[in-house]
file upload-v5.cif (mmCIF, C-alpha atoms and all ligand atoms)
data_query
#
loop_
_atom_site.label_atom_id
_atom_site.label_comp_id
_atom_site.auth_asym_id
_atom_site.auth_seq_id
_atom_site.Cartn_x
_atom_site.Cartn_y
_atom_site.Cartn_z
CA MET A 1 0.00 0.00 0.00
CA ASP A 2 1.28 3.44 -0.93
CA THR A 3 1.05 5.74 2.09
CA PRO A 4 3.05 8.73 3.30
CA TRP A 5 3.34 6.95 6.65
CA LEU A 6 6.11 4.82 5.14
CA ASP A 7 8.22 7.96 4.54
CA ILE A 8 7.74 9.75 7.87
CA PRO A 9 10.66 9.14 10.25
CA LEU A 10 9.47 7.98 13.67
CA ALA A 11 11.54 10.73 15.31
CA ASP A 12 9.58 13.33 13.31
CA TYR A 13 6.20 11.79 14.22
CA GLU A 14 7.06 11.48 17.89
CA GLY A 15 8.70 14.92 18.00
CA HIS A 16 5.57 16.47 16.49
CA MET A 17 3.08 14.66 18.75
CA SER A 18 5.09 15.45 21.90
CA LEU A 19 5.41 19.22 21.29
CA SER A 20 3.83 21.06 24.20
CA THR A 21 1.74 23.05 21.68
CA ILE A 22 0.34 19.77 20.28
CA GLY A 23 0.20 17.53 23.36
CA GLN A 24 -1.43 14.59 21.61
CA ALA A 25 1.14 11.90 22.56
CA GLN A 26 0.46 12.37 26.25
CA MET A 27 -3.32 12.50 25.78
CA LEU A 28 -3.30 9.21 23.81
CA ALA A 29 -1.03 7.47 26.34
CA THR A 30 -3.21 8.63 29.24
CA LEU A 31 -6.32 7.30 27.53
CA PHE A 32 -4.60 3.96 26.96
CA ALA A 33 -3.66 3.81 30.65
CA GLU A 34 -7.28 4.54 31.60
CA LEU A 35 -8.55 1.74 29.32
CA LEU A 36 -6.03 -0.73 30.74
CA ALA A 37 -7.11 0.21 34.27
CA GLU A 38 -10.82 -0.04 33.45
CA PHE A 39 -10.79 -3.37 31.60
CA SER A 40 -7.64 -5.16 32.92
CA PRO A 41 -7.42 -7.03 29.60
CA PRO A 42 -5.50 -10.33 29.61
CA SER A 43 -4.52 -9.54 26.01
CA VAL A 44 -4.29 -6.27 24.08
CA ALA A 45 -3.60 -5.10 20.52
CA VAL A 46 -2.62 -1.57 19.61
CA VAL A 47 -3.42 -0.94 15.96
CA GLY A 48 -1.54 1.94 14.36
CA CYS A 49 0.87 1.76 17.29
CA ALA A 50 3.74 3.85 15.82
CA GLY A 51 6.73 3.56 18.20
CA GLY A 52 4.70 2.30 21.16
CA ASN A 53 3.27 5.45 22.71
CA GLY A 54 1.73 4.33 26.01
CA PHE A 55 3.24 0.84 26.03
CA ASP A 56 5.04 1.75 29.26
CA GLN A 57 1.56 1.76 30.87
CA ILE A 58 0.96 -1.96 30.24
CA CYS A 59 1.12 -4.02 33.44
CA MET A 60 2.40 -7.44 32.43
CA GLU A 61 0.89 -9.09 35.50
CA ALA A 62 -2.59 -8.24 34.22
CA THR A 63 -1.94 -8.19 30.47
CA ARG A 64 0.02 -11.25 29.48
CA ARG A 65 -0.20 -10.89 25.69
CA VAL A 66 0.53 -7.74 23.64
CA ALA A 67 0.20 -7.32 19.87
CA ALA A 68 1.48 -4.23 18.04
CA VAL A 69 0.26 -3.49 14.51
CA ASP A 70 1.50 -0.82 12.13
CA ILE A 71 2.00 -0.34 8.42
CA ASN A 72 5.52 1.04 8.95
CA PRO A 73 7.97 -1.80 9.80
CA HIS A 74 10.59 0.71 11.02
CA TYR A 75 8.17 1.93 13.68
CA LEU A 76 7.70 -1.66 14.87
CA GLU A 77 11.45 -2.22 14.92
CA ALA A 78 11.88 0.80 17.19
CA LEU A 79 8.98 -0.38 19.36
CA SER A 80 10.59 -3.80 19.68
CA ASN A 81 13.95 -2.25 20.65
CA ARG A 82 12.17 -0.27 23.34
CA TYR A 83 9.81 -2.87 24.78
CA ALA A 84 10.76 -6.46 23.84
CA ASP A 85 12.66 -6.88 27.13
CA ARG A 86 9.78 -5.57 29.24
CA ILE A 87 6.98 -7.32 27.29
CA PRO A 88 7.69 -11.06 26.93
CA GLY A 89 6.39 -12.51 23.67
CA LEU A 90 5.62 -9.07 22.21
CA GLU A 91 3.87 -9.74 18.86
CA LEU A 92 4.65 -7.43 15.94
CA TYR A 93 2.48 -7.28 12.81
CA ALA A 94 3.68 -5.07 9.96
CA GLY A 95 1.06 -4.48 7.30
CA ASP A 96 -2.13 -2.80 6.21
CA ILE A 97 -4.93 -3.28 8.75
CA GLN A 98 -7.42 -2.81 5.89
CA SER A 99 -6.26 -6.11 4.39
CA PRO A 100 -7.94 -9.38 5.47
CA ALA A 101 -4.46 -10.92 5.07
CA LEU A 102 -3.37 -9.12 8.26
CA THR A 103 -4.58 -11.42 11.02
CA PHE A 104 -3.64 -12.21 14.61
CA ALA A 105 -5.20 -14.26 17.38
CA PRO A 106 -8.13 -12.39 18.99
CA VAL A 107 -7.47 -10.13 21.99
CA ASP A 108 -9.55 -8.67 24.85
CA LEU A 109 -8.79 -4.99 24.15
CA ILE A 110 -8.03 -3.29 20.84
CA TYR A 111 -6.83 0.32 20.94
CA ALA A 112 -7.02 2.23 17.65
CA ALA A 113 -6.07 5.85 18.30
CA LEU A 114 -5.96 8.29 15.38
CA LEU A 115 -5.98 5.45 12.86
CA PHE A 116 -9.37 5.80 11.17
CA GLU A 117 -8.30 9.14 9.63
CA TYR A 118 -6.03 7.13 7.28
CA VAL A 119 -8.03 3.99 6.51
CA ALA A 120 -11.42 2.89 5.19
CA PRO A 121 -13.52 2.11 8.29
CA ALA A 122 -15.53 -0.85 6.92
CA PRO A 123 -12.67 -3.26 6.05
CA VAL A 124 -10.76 -2.25 9.18
CA LEU A 125 -13.74 -2.91 11.44
CA ALA A 126 -14.31 -6.29 9.77
CA ASN A 127 -10.67 -7.14 10.52
CA LEU A 128 -10.88 -5.82 14.07
CA LYS A 129 -13.98 -7.87 14.70
CA ALA A 130 -12.03 -10.98 13.70
CA ALA A 131 -9.24 -9.84 16.05
CA CYS A 132 -11.57 -9.31 19.03
CA ARG A 133 -12.48 -11.98 21.59
CA PRO A 134 -16.12 -12.46 22.62
CA GLN A 135 -16.94 -9.61 25.04
CA GLY A 136 -13.69 -7.95 23.99
CA VAL A 137 -13.48 -4.17 23.75
CA LEU A 138 -12.52 -1.87 20.88
CA ALA A 139 -11.54 1.70 21.80
CA SER A 140 -11.11 4.32 19.13
CA VAL A 141 -9.92 7.92 19.16
CA LEU A 142 -11.02 10.14 16.28
CA GLN A 143 -9.90 13.67 15.56
CA LEU A 144 -12.86 16.03 15.28
CA PRO A 145 -13.07 18.97 12.88
CA SER A 146 -11.81 22.26 14.30
CA GLY A 147 -12.81 25.72 13.19
CA THR A 148 -9.43 27.11 14.22
CA ALA A 149 -6.74 24.38 14.06
CA ALA A 150 -5.32 22.89 10.83
CA ALA A 151 -6.02 19.14 10.42
CA VAL A 152 -2.25 18.51 10.59
CA SER A 153 -0.87 21.18 12.92
CA PRO A 154 2.10 23.14 11.57
CA SER A 155 5.34 22.26 13.40
CA PRO A 156 9.10 22.17 12.76
CA PHE A 157 8.58 18.52 11.67
CA THR A 158 7.57 19.37 8.12
CA SER A 159 7.51 15.71 6.94
CA LEU A 160 4.16 15.39 8.75
CA GLN A 161 2.55 17.74 6.23
CA ALA A 162 2.62 14.87 3.68
CA LEU A 163 -0.31 13.45 5.67
CA ALA A 164 -2.62 16.41 5.02
CA PRO A 165 -3.79 15.28 1.53
CA VAL A 166 -4.56 11.71 2.65
CA MET A 167 -6.12 12.47 6.03
CA HIS A 168 -9.92 12.19 6.09
CA LEU A 169 -11.73 12.95 9.32
CA VAL A 170 -14.36 10.33 10.18
CA THR A 171 -17.37 11.45 12.21
CA PRO A 172 -18.21 9.56 15.41
CA ALA A 173 -21.66 8.85 13.90
CA ASP A 174 -20.05 7.22 10.85
CA LEU A 175 -17.71 5.15 12.99
CA LEU A 176 -20.62 4.08 15.19
CA ALA A 177 -22.61 3.00 12.12
CA HIS A 178 -19.66 1.03 10.71
CA ALA A 179 -18.89 -0.53 14.10
CA LYS A 180 -22.52 -1.65 14.53
CA GLU A 181 -22.50 -3.05 11.00
CA ALA A 182 -19.41 -5.09 11.90
CA GLY A 183 -21.15 -6.47 15.01
CA PHE A 184 -19.86 -4.22 17.80
CA VAL A 185 -22.17 -2.54 20.32
CA PRO A 186 -21.42 0.88 21.81
CA LEU A 187 -20.32 0.97 25.47
CA SER A 188 -19.35 4.61 26.04
CA ALA A 189 -18.35 7.82 24.29
CA LYS A 190 -16.72 11.08 25.34
CA LYS A 191 -15.00 14.11 23.86
CA ILE A 192 -11.60 15.58 24.74
CA ALA A 193 -10.43 19.13 23.97
CA LEU A 194 -6.74 20.05 24.05
CA PRO A 195 -5.32 23.54 24.65
CA SER A 196 -4.23 23.58 20.96
CA GLY A 197 -7.93 23.87 20.04
CA LYS A 198 -8.08 20.31 18.69
CA LYS A 199 -10.93 18.07 19.78
CA PHE A 200 -11.16 14.31 19.83
CA ALA A 201 -13.90 11.69 20.19
CA VAL A 202 -13.24 8.58 22.24
CA GLN A 203 -15.63 5.70 21.49
CA VAL A 204 -15.61 2.36 23.23
CA PHE A 205 -17.37 -0.65 21.70
CA GLN A 206 -17.81 -4.26 22.78
CA LEU A 207 -18.21 -7.47 20.83
CA PRO A 208 -21.24 -9.37 22.20
CA ALA A 209 -20.64 -12.64 24.03
CA GLY A 210 -21.97 -14.82 21.21
CA GLU A 211 -19.58 -13.39 18.57
CA ASN A 212 -16.24 -14.94 17.55
CA VAL A 213 -16.74 -17.84 19.94
CA PRO A 214 -13.97 -20.36 19.22
CA ILE A 215 -15.28 -23.54 17.59
CA ARG A 216 -14.40 -26.53 19.78
CA PRO A 217 -13.13 -29.60 17.99
CA PRO A 218 -15.76 -32.39 18.03
C1 LIG B 1 -1.62 9.24 13.87
S1 LIG B 1 -0.66 7.80 14.12
C2 LIG B 1 -1.28 7.18 15.66
C3 LIG B 1 -0.19 6.54 16.45
C4 LIG B 1 -0.48 6.09 17.86
N1 LIG B 1 -1.79 5.53 18.03
C5 LIG B 1 -0.10 7.10 18.91
O1 LIG B 1 -0.56 6.96 20.04
O2 LIG B 1 0.68 8.00 18.66
C6 LIG B 1 -1.31 6.65 12.96
C7 LIG B 1 -0.51 5.36 12.91
O3 LIG B 1 -1.22 4.43 12.08
C8 LIG B 1 -0.32 3.81 11.20
N2 LIG B 1 -1.09 3.44 10.00
C9 LIG B 1 -1.54 4.27 9.03
N3 LIG B 1 -2.21 3.58 8.10
C10 LIG B 1 -2.19 2.28 8.49
C11 LIG B 1 -2.70 1.07 7.93
N4 LIG B 1 -3.39 1.07 6.78
N5 LIG B 1 -2.49 -0.10 8.58
C12 LIG B 1 -1.78 -0.12 9.77
N6 LIG B 1 -1.26 1.00 10.34
C13 LIG B 1 -1.46 2.18 9.71
C14 LIG B 1 0.76 4.84 10.93
O4 LIG B 1 1.97 4.27 10.45
C15 LIG B 1 0.89 5.51 12.30
O5 LIG B 1 1.84 4.85 13.10
#
call {"tool": "encode", "arguments": {"input": "upload-v5.cif", "output": "structure tokens"}}
result
Amino acid sequence: MDTPWLDIPLADYEGHMSLSTIGQAQMLATLFAELLAEFSPPSVAVVGCAGGNGFDQICMEATRRVAAVDINPHYLEALSNRYADRIPGLELYAGDIQSPALTFAPVDLIYAALLFEYVAPAPVLANLKAACRPQGVLASVLQLPSGTAAAVSPSPFTSLQALAPVMHLVTPADLLAHAKEAGFVPLSAKKIALPSGKKFAVQVFQLPAGENVPIRPP
């Protein structure tokens, strides 16, 4: 898949997201920590994980299996260098989450933060359903339109501007409709506003108990 994400150095992405004027890295890591505390998932997948923002929040006593998914293999390499020692059996999946070829064993919590802006929701949600255990949780963070802030904030990390032409904001209503279509039910929703003027929607969905139940051998 041709995407500008393959050409953006991780240092640029992380530098941009961590700028005090942007503040998104910390917000996304805090949300992840809150989800881990709320659901104590035995297994988790972070889809569109970049270099592992928030992975330091994972408690390996509660969460014994961690999968990291990203289209950029260099991001996953950096993530592995940072966390493989702390997270035994860390699973890395490099590829396009829109493709049914990208599969991994289902998990109890999927975190997809600022991913849907770059992918088609329907195929991704079909894939995420297959990757979610019965009663598992999918948490998404969407960027909301802002009257004042540019979709990709200007910063010294100019490589990020390559994302502007391919970034498409998804409305929470659209994501909800696609998630329901895939079989998820909504659990909760909230909005977050940052001092930069940017706003975000956090939506949490659950896969009902009867879905994706493993078939026992006869
Ligand atoms: C805006 S970043 C979000 C990163 C991360 N969630 C965080 O907390 O900073 C989007 C991430 O999704 C990845 N990505 C974009 N398109 C993708 C795709 N089709 N399949 C898998 N990952 C993708 C990018 O490489 C990037 O790491």
call {"tool": "closest_atom_pairs", "arguments": {"input": "upload-v5.cif", "of": "chain A", "to": "ligand LIG 1 (chain B)", "cutoff": "8 Å", "atoms": "all atoms listed in the file", "output": "tab-separated table"}}
result
residue	atom	partner	partner_atom	distance
A:Met1	CA	B:LIG1	N4	7.7
A:Thr3	CA	B:LIG1	N3	7.2
A:Trp5	CA	B:LIG1	O4	4.8
A:Leu6	CA	B:LIG1	O4	6.8
A:Tyr13	CA	B:LIG1	S1	7.9
A:Glu14	CA	B:LIG1	O2	7.3
A:Met17	CA	B:LIG1	O2	7.1
A:Gln24	CA	B:LIG1	O2	7.5
A:Ala25	CA	B:LIG1	O2	5.5
A:Leu28	CA	B:LIG1	O1	5.2
A:Ala29	CA	B:LIG1	O1	6.3
A:Val46	CA	B:LIG1	N1	7.3
A:Val47	CA	B:LIG1	N6	6.3
A:Gly48	CA	B:LIG1	O3	3.4
A:Cys49	CA	B:LIG1	C4	4.6
A:Ala50	CA	B:LIG1	O5	3.5
A:Gly51	CA	B:LIG1	O5	7.2
A:Gly52	CA	B:LIG1	O1	7.1
A:Asn53	CA	B:LIG1	O1	4.9
A:Gly54	CA	B:LIG1	O1	6.9
A:Val69	CA	B:LIG1	C12	6.2
A:Asp70	CA	B:LIG1	N6	3.8
A:Ile71	CA	B:LIG1	N6	4.0
A:Asn72	CA	B:LIG1	O4	5.0
A:Tyr75	CA	B:LIG1	O5	7.0
A:Ala94	CA	B:LIG1	C12	7.4
A:Gly95	CA	B:LIG1	C12	5.8
A:Asp96	CA	B:LIG1	N5	3.6
A:Ile97	CA	B:LIG1	N5	4.0
A:Gln98	CA	B:LIG1	N4	5.7
A:Tyr111	CA	B:LIG1	N1	7.8
A:Ala112	CA	B:LIG1	N1	6.2
A:Ala113	CA	B:LIG1	N1	4.3
A:Leu114	CA	B:LIG1	C1	4.7
A:Leu115	CA	B:LIG1	C6	4.8
A:Glu117	CA	B:LIG1	C1	7.9
A:Tyr118	CA	B:LIG1	N3	5.3
A:Val119	CA	B:LIG1	N4	5.5
call {"tool": "atom_distance", "arguments": {"input": "upload-v5.cif", "atom1": "atom CA of A:Ala150", "atom2": "atom CA of A:Val124"}}
result
25.8 Å
call {"tool": "residues_around", "arguments": {"input": "upload-v5.cif", "residues": "A:Phe157", "least_positions_apart": "3", "cutoff": "8 Å", "atoms": "all atoms listed in the file", "output": "PyMOL selection string"}}
result
chain A and resi 12-13+15-16+154+160
call {"tool": "write_last_selection", "arguments": {"input": "upload-v5.cif", "atoms": "C-alpha atoms", "output": "PDB file, keeping the file's coordinate frame"}}
result
ATOM      1  CA  ASP A  12       9.580  13.330  13.310  1.00  0.00           C
ATOM      2  CA  TYR A  13       6.200  11.790  14.220  1.00  0.00           C
ATOM      3  CA  GLY A  15       8.700  14.920  18.000  1.00  0.00           C
ATOM      4  CA  HIS A  16       5.570  16.470  16.490  1.00  0.00           C
ATOM      5  CA  PRO A 154       2.100  23.140  11.570  1.00  0.00           C
ATOM      6  CA  LEU A 160       4.160  15.390   8.750  1.00  0.00           C
TER       7      LEU A 160
END
call {"tool": "residues_around", "arguments": {"input": "upload-v5.cif", "residues": "A:Ala45", "least_positions_apart": "3", "cutoff": "7 Å", "atoms": "all atoms listed in the file", "output": "PyMOL selection string"}}
result
chain A and resi 66-68+107+109-111
call {"tool": "residues_around", "arguments": {"input": "upload-v5.cif", "residues": "A:Pro4", "least_positions_apart": "4", "cutoff": "9 Å", "atoms": "only C-alpha atoms", "output": "list in words"}}
result
Ile8, Leu160, Ala162, Leu163 and Val166 of chain A
call {"tool": "closest_residue", "arguments": {"input": "upload-v5.cif", "among": "A:Ala151, A:Leu31, A:Ala120, A:Ala84", "to": "A:Lys190", "atoms": "only C-alpha atoms"}}
result
A:Leu31
call {"tool": "residues_around", "arguments": {"input": "upload-v5.cif", "residues": "stretch 87-90 of chain A", "least_positions_apart": "4", "cutoff": "12 Å", "atoms": "all atoms listed in the file", "output": "ChimeraX atom specification"}}
result
/A:43-46,52,55-69,76-77,79-83
call {"tool": "closest_atom_pairs", "arguments": {"input": "upload-v5.cif", "of": "stretch 98-179 of chain A", "to": "stretch 197-210 of chain A", "cutoff": "7 Å", "atoms": "all atoms listed in the file", "output": "CSV"}}
result
residue,atom,partner,partner_atom,distance
A:Pro134,CA,A:Ala209,CA,4.7
A:Gln135,CA,A:Ala209,CA,4.9
A:Gly136,CA,A:Leu207,CA,5.5
A:Val137,CA,A:Gln206,CA,4.4
A:Leu138,CA,A:Phe205,CA,5.1
A:Ala139,CA,A:Val204,CA,4.4
A:Ser140,CA,A:Gln203,CA,5.3
A:Val141,CA,A:Val202,CA,4.6
A:Leu142,CA,A:Ala201,CA,5.1
A:Gln143,CA,A:Phe200,CA,4.5
A:Leu144,CA,A:Phe200,CA,5.2
A:Ser146,CA,A:Lys198,CA,6.1
A:Thr148,CA,A:Gly197,CA,6.8
A:Ala149,CA,A:Gly197,CA,6.1
A:Pro172,CA,A:Ala201,CA,6.8
call {"tool": "closest_residue", "arguments": {"input": "upload-v5.cif", "among": "A:Leu187, A:Leu102, A:Pro145, A:Leu92", "to": "A:Leu128", "atoms": "all atoms listed in the file"}}
result
A:Leu102
call {"tool": "atom_distance", "arguments": {"input": "upload-v5.cif", "atom1": "atom CA of A:Thr30", "atom2": "atom CA of A:Pro186"}}
result
21.1 Å
call {"tool": "residues_around", "arguments": {"input": "upload-v5.cif", "residues": "A:Ala130", "least_positions_apart": "2", "cutoff": "10 Å", "atoms": "only C-alpha atoms", "output": "list of chain:residue names"}}
result
A:Pro100, A:Thr103, A:Phe104, A:Ala105, A:Pro106, A:Val107, A:Val124, A:Leu125, A:Ala126, A:Asn127, A:Leu128, A:Cys132, A:Arg133, A:Pro134, A:Ala182, A:Glu211, A:Asn212
call {"tool": "atom_distance", "arguments": {"input": "upload-v5.cif", "atom1": "atom CA of A:Ala122", "atom2": "atom CA of A:Ala177"}}
result
9.6 Å
call {"tool": "closest_residue", "arguments": {"input": "upload-v5.cif", "among": "A:Pro214, A:Pro195, A:Pro156, A:Pro121", "to": "A:Thr171", "atoms": "only C-alpha atoms"}}
result
A:Pro121
call {"tool": "build_atoms", "arguments": {"input": "upload-v5.cif", "residues": "stretch 44-56 of chain A", "atoms": "N, CA and C atoms", "output": "mmCIF file, in the coordinates of the input"}}
result
data_model
loop_
_atom_site.group_PDB
_atom_site.id
_atom_site.type_symbol
_atom_site.label_atom_id
_atom_site.label_comp_id
_atom_site.auth_asym_id
_atom_site.auth_seq_id
_atom_site.Cartn_x
_atom_site.Cartn_y
_atom_site.Cartn_z
ATOM 1 N N VAL A 44 -3.999 -7.570 24.683
ATOM 2 C CA VAL A 44 -4.290 -6.270 24.080
ATOM 3 C C VAL A 44 -3.595 -6.153 22.728
ATOM 4 N N ALA A 45 -4.246 -5.442 21.795
ATOM 5 C CA ALA A 45 -3.600 -5.100 20.520
ATOM 6 C C ALA A 45 -3.702 -3.609 20.318
ATOM 7 N N VAL A 46 -2.598 -2.988 19.946
ATOM 8 C CA VAL A 46 -2.620 -1.570 19.610
ATOM 9 C C VAL A 46 -2.411 -1.487 18.096
ATOM 10 N N VAL A 47 -3.415 -0.951 17.428
ATOM 11 C CA VAL A 47 -3.420 -0.940 15.960
ATOM 12 C C VAL A 47 -3.125 0.477 15.495
ATOM 13 N N GLY A 48 -2.052 0.619 14.677
ATOM 14 C CA GLY A 48 -1.540 1.940 14.360
ATOM 15 C C GLY A 48 -0.740 2.419 15.566
ATOM 16 N N CYS A 49 0.200 1.562 15.990
ATOM 17 C CA CYS A 49 0.870 1.760 17.290
ATOM 18 C C CYS A 49 2.069 2.695 17.219
ATOM 19 N N ALA A 50 2.530 3.038 15.988
ATOM 20 C CA ALA A 50 3.740 3.850 15.820
ATOM 21 C C ALA A 50 4.882 3.245 16.644
ATOM 22 N N GLY A 51 5.560 4.063 17.468
ATOM 23 C CA GLY A 51 6.730 3.560 18.200
ATOM 24 C C GLY A 51 6.390 3.034 19.586
ATOM 25 N N GLY A 52 5.076 2.885 19.876
ATOM 26 C CA GLY A 52 4.700 2.300 21.160
ATOM 27 C C GLY A 52 4.302 3.319 22.202
ATOM 28 N N ASN A 53 3.742 4.447 21.755
ATOM 29 C CA ASN A 53 3.270 5.450 22.710
ATOM 30 C C ASN A 53 2.307 4.786 23.700
ATOM 31 N N GLY A 54 2.608 4.893 24.989
ATOM 32 C CA GLY A 54 1.730 4.330 26.010
ATOM 33 C C GLY A 54 2.043 2.904 26.411
ATOM 34 N N PHE A 55 2.952 2.242 25.678
ATOM 35 C CA PHE A 55 3.240 0.840 26.030
ATOM 36 C C PHE A 55 3.867 0.719 27.415
ATOM 37 N N ASP A 56 4.465 1.787 27.915
ATOM 38 C CA ASP A 56 5.040 1.750 29.260
ATOM 39 C C ASP A 56 3.937 1.630 30.323
#
